[in-house]
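Novice: So I've got this file, start_13.pdb, and it contains PDB, C-alpha atoms:
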ATOM      1  CA  MET A 826      -1.513  21.046   8.358
ATOM      2  CA  GLU A 827      -2.574  17.643   9.700
ATOM      3  CA  MET A 828      -4.918  17.198   6.721
ATOM      4  CA  ASP A 829      -2.031  17.836   4.316
ATOM      5  CA  MET A 830       0.076  15.174   6.030
ATOM      6  CA  ASP A 831      -2.791  12.687   5.876
ATOM      7  CA  MET A 832      -3.344  13.396   2.189
ATOM      8  CA  GLU A 833       0.368  13.048   1.440
ATOM      9  CA  ARG A 834       0.479   9.691   3.223
ATOM     10  CA  GLU A 835      -2.632   8.542   1.352
ATOM     11  CA  PHE A 836      -1.088   9.508  -2.001
ATOM     12  CA  GLU A 837       2.139   7.745  -1.025
ATOM     13  CA  PHE A 838       0.163   4.629  -0.031
ATOM     14  CA  VAL A 839      -1.894   4.532  -3.246
ATOM     15  CA  GLY A 840       1.204   5.159  -5.352
ATOM     16  CA  LEU A 841       3.073   2.312  -3.675
ATOM     17  CA  ILE A 842       0.176  -0.112  -4.186
ATOM     18  CA  TYR A 843      -0.003   0.903  -7.853
ATOM     19  CA  GLN A 844       3.749   0.388  -8.319
ATOM     20  CA  LEU A 845       3.645  -3.037  -6.708
ATOM     21  CA  GLU A 846       0.655  -4.116  -8.798
ATOM     22  CA  GLU A 847       2.436  -2.905 -11.941
ATOM     23  CA  ALA A 848       5.435  -5.019 -10.867
ATOM     24  CA  GLY A 849       3.204  -8.117 -10.751
ATOM     25  CA  TYR A 850       2.103  -8.268  -7.118
ATOM     26  CA  CYS A 851      -1.508  -9.082  -6.260
ATOM     27  CA  PHE A 852      -3.326  -8.067  -3.066
ATOM     28  CA  ALA A 853      -6.564  -9.974  -3.687
ATOM     29  CA  ASP A 854      -6.411 -11.892  -0.389
ATOM     30  CA  VAL A 855      -5.667  -8.826   1.735
ATOM     31  CA  THR A 856      -8.145  -6.236   3.005
ATOM     32  CA  ASP A 857      -7.618  -2.505   2.561
ATOM     33  CA  GLU A 858      -7.417  -2.215   6.335
ATOM     34  CA  GLN A 859      -4.604  -4.789   6.498
ATOM     35  CA  LEU A 860      -2.695  -2.951   3.783
ATOM     36  CA  GLN A 861      -3.162   0.428   5.447
ATOM     37  CA  GLN A 862      -2.094  -0.945   8.829
ATOM     38  CA  ALA A 863       1.014  -2.556   7.353
ATOM     39  CA  PHE A 864       1.843   0.700   5.545
ATOM     40  CA  SER A 865       1.386   2.676   8.777
ATOM     41  CA  ASP A 866       3.675   0.235  10.569
ATOM     42  CA  SER A 867       6.308   0.600   7.809
ATOM     43  CA  GLN A 868       6.044  -3.069   6.894
ATOM     44  CA  ASP A 869       7.072  -4.271   3.438
ATOM     45  CA  LEU A 870       3.737  -4.595   1.632
ATOM     46  CA  ARG A 871       5.232  -7.263  -0.627
ATOM     47  CA  ASP A 872       5.021  -9.580   2.395
ATOM     48  CA  LEU A 873       1.200  -9.429   2.112
ATOM     49  CA  ALA A 874       1.073  -9.930  -1.640
ATOM     50  CA  VAL A 875       1.406 -12.835  -3.997
ATOM     51  CA  LEU A 876       3.152 -12.666  -7.340
ATOM     52  CA  ARG A 877       0.888 -13.120 -10.308
ATOM     53  CA  ALA A 878       1.828 -15.847 -12.725
ATOM     54  CA  ALA A 879       3.455 -14.450 -15.841
TER      55      ALA A 879
END
Show me this structure written as structure tokens.
Specialist:
Amino acid sequence: MEMDMDMEREFEFVGLIYQLEEAGYCFADVTDEQLQQAFSDSQDLRDLAVLRAA
């Protein structure tokens, strides 16, 4: 049961990162650990990103 919850959270995390990157956000200056910690703390991941130039 715990494994299922962890997998669901991981899929949710990866999906959110993908959506934000598709929307033009870039996480190049942020480590995976920083992103995962922010996600765990329910922070807005856009605060860690920069918008790519169009």
Novice: With all atoms listed in the file as the atoms that count, which of A:Glu837, A:Glu847, A:Asp854, A:Asp831 lies nearest to A:Leu873?
Specialist: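 Among the listed residues, the smallest separation from A:Leu873 belongs to A:Asp854.
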Novice: Which residue out of A:Ala874, A:Ala863, A:Glu827, A:Glu858 has the minimum interatomic distance to A:Glu846 when all atoms listed in the file are used?
Specialist: A:Ala874
Novice: Could you tell me how far atom CA of A:Met830 sits from atom CA of A:Phe852, in Å to one decimal place?
Specialist: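 Going from atom CA of A:Phe852 over to atom CA of A:Met830, I get 25.2 Å.
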Novice: In Å, with one decimal, what is the gap from atom CA of A:Glu835 to atom CA of A:Leu876?
Specialist: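 We find that atom CA of A:Glu835 and atom CA of A:Leu876 lie 23.6 Å from each other.
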Novice: With the file shown as input, list the residues that the PyMOL selection byres ((chain A and resi 849) around 12) selects, as a PyMOL selection string.
Specialist: chain A and resi 842-848+850-852+871+874-879
Novice: Quick one: which residues end up in the PyMOL selection byres ((chain A and resi 861) around 12) for this structure, as a VMD selection string?
Specialist: chain A and resid 834 to 839 841 to 842 855 to 860 862 to 870 873
Novice: Once you add 4 Å to each side, what are the centre and edge lengths of the axis-aligned box holding all listed atoms of stretch 840-857 of chain A? One decimal in Å, as lines of an AutoDock Vina configuration file, if you can.
Specialist:
center_x = -1.4
center_y = -3.4
center_z = -4.5
size_x = 21.6
size_y = 25.1
size_z = 22.9
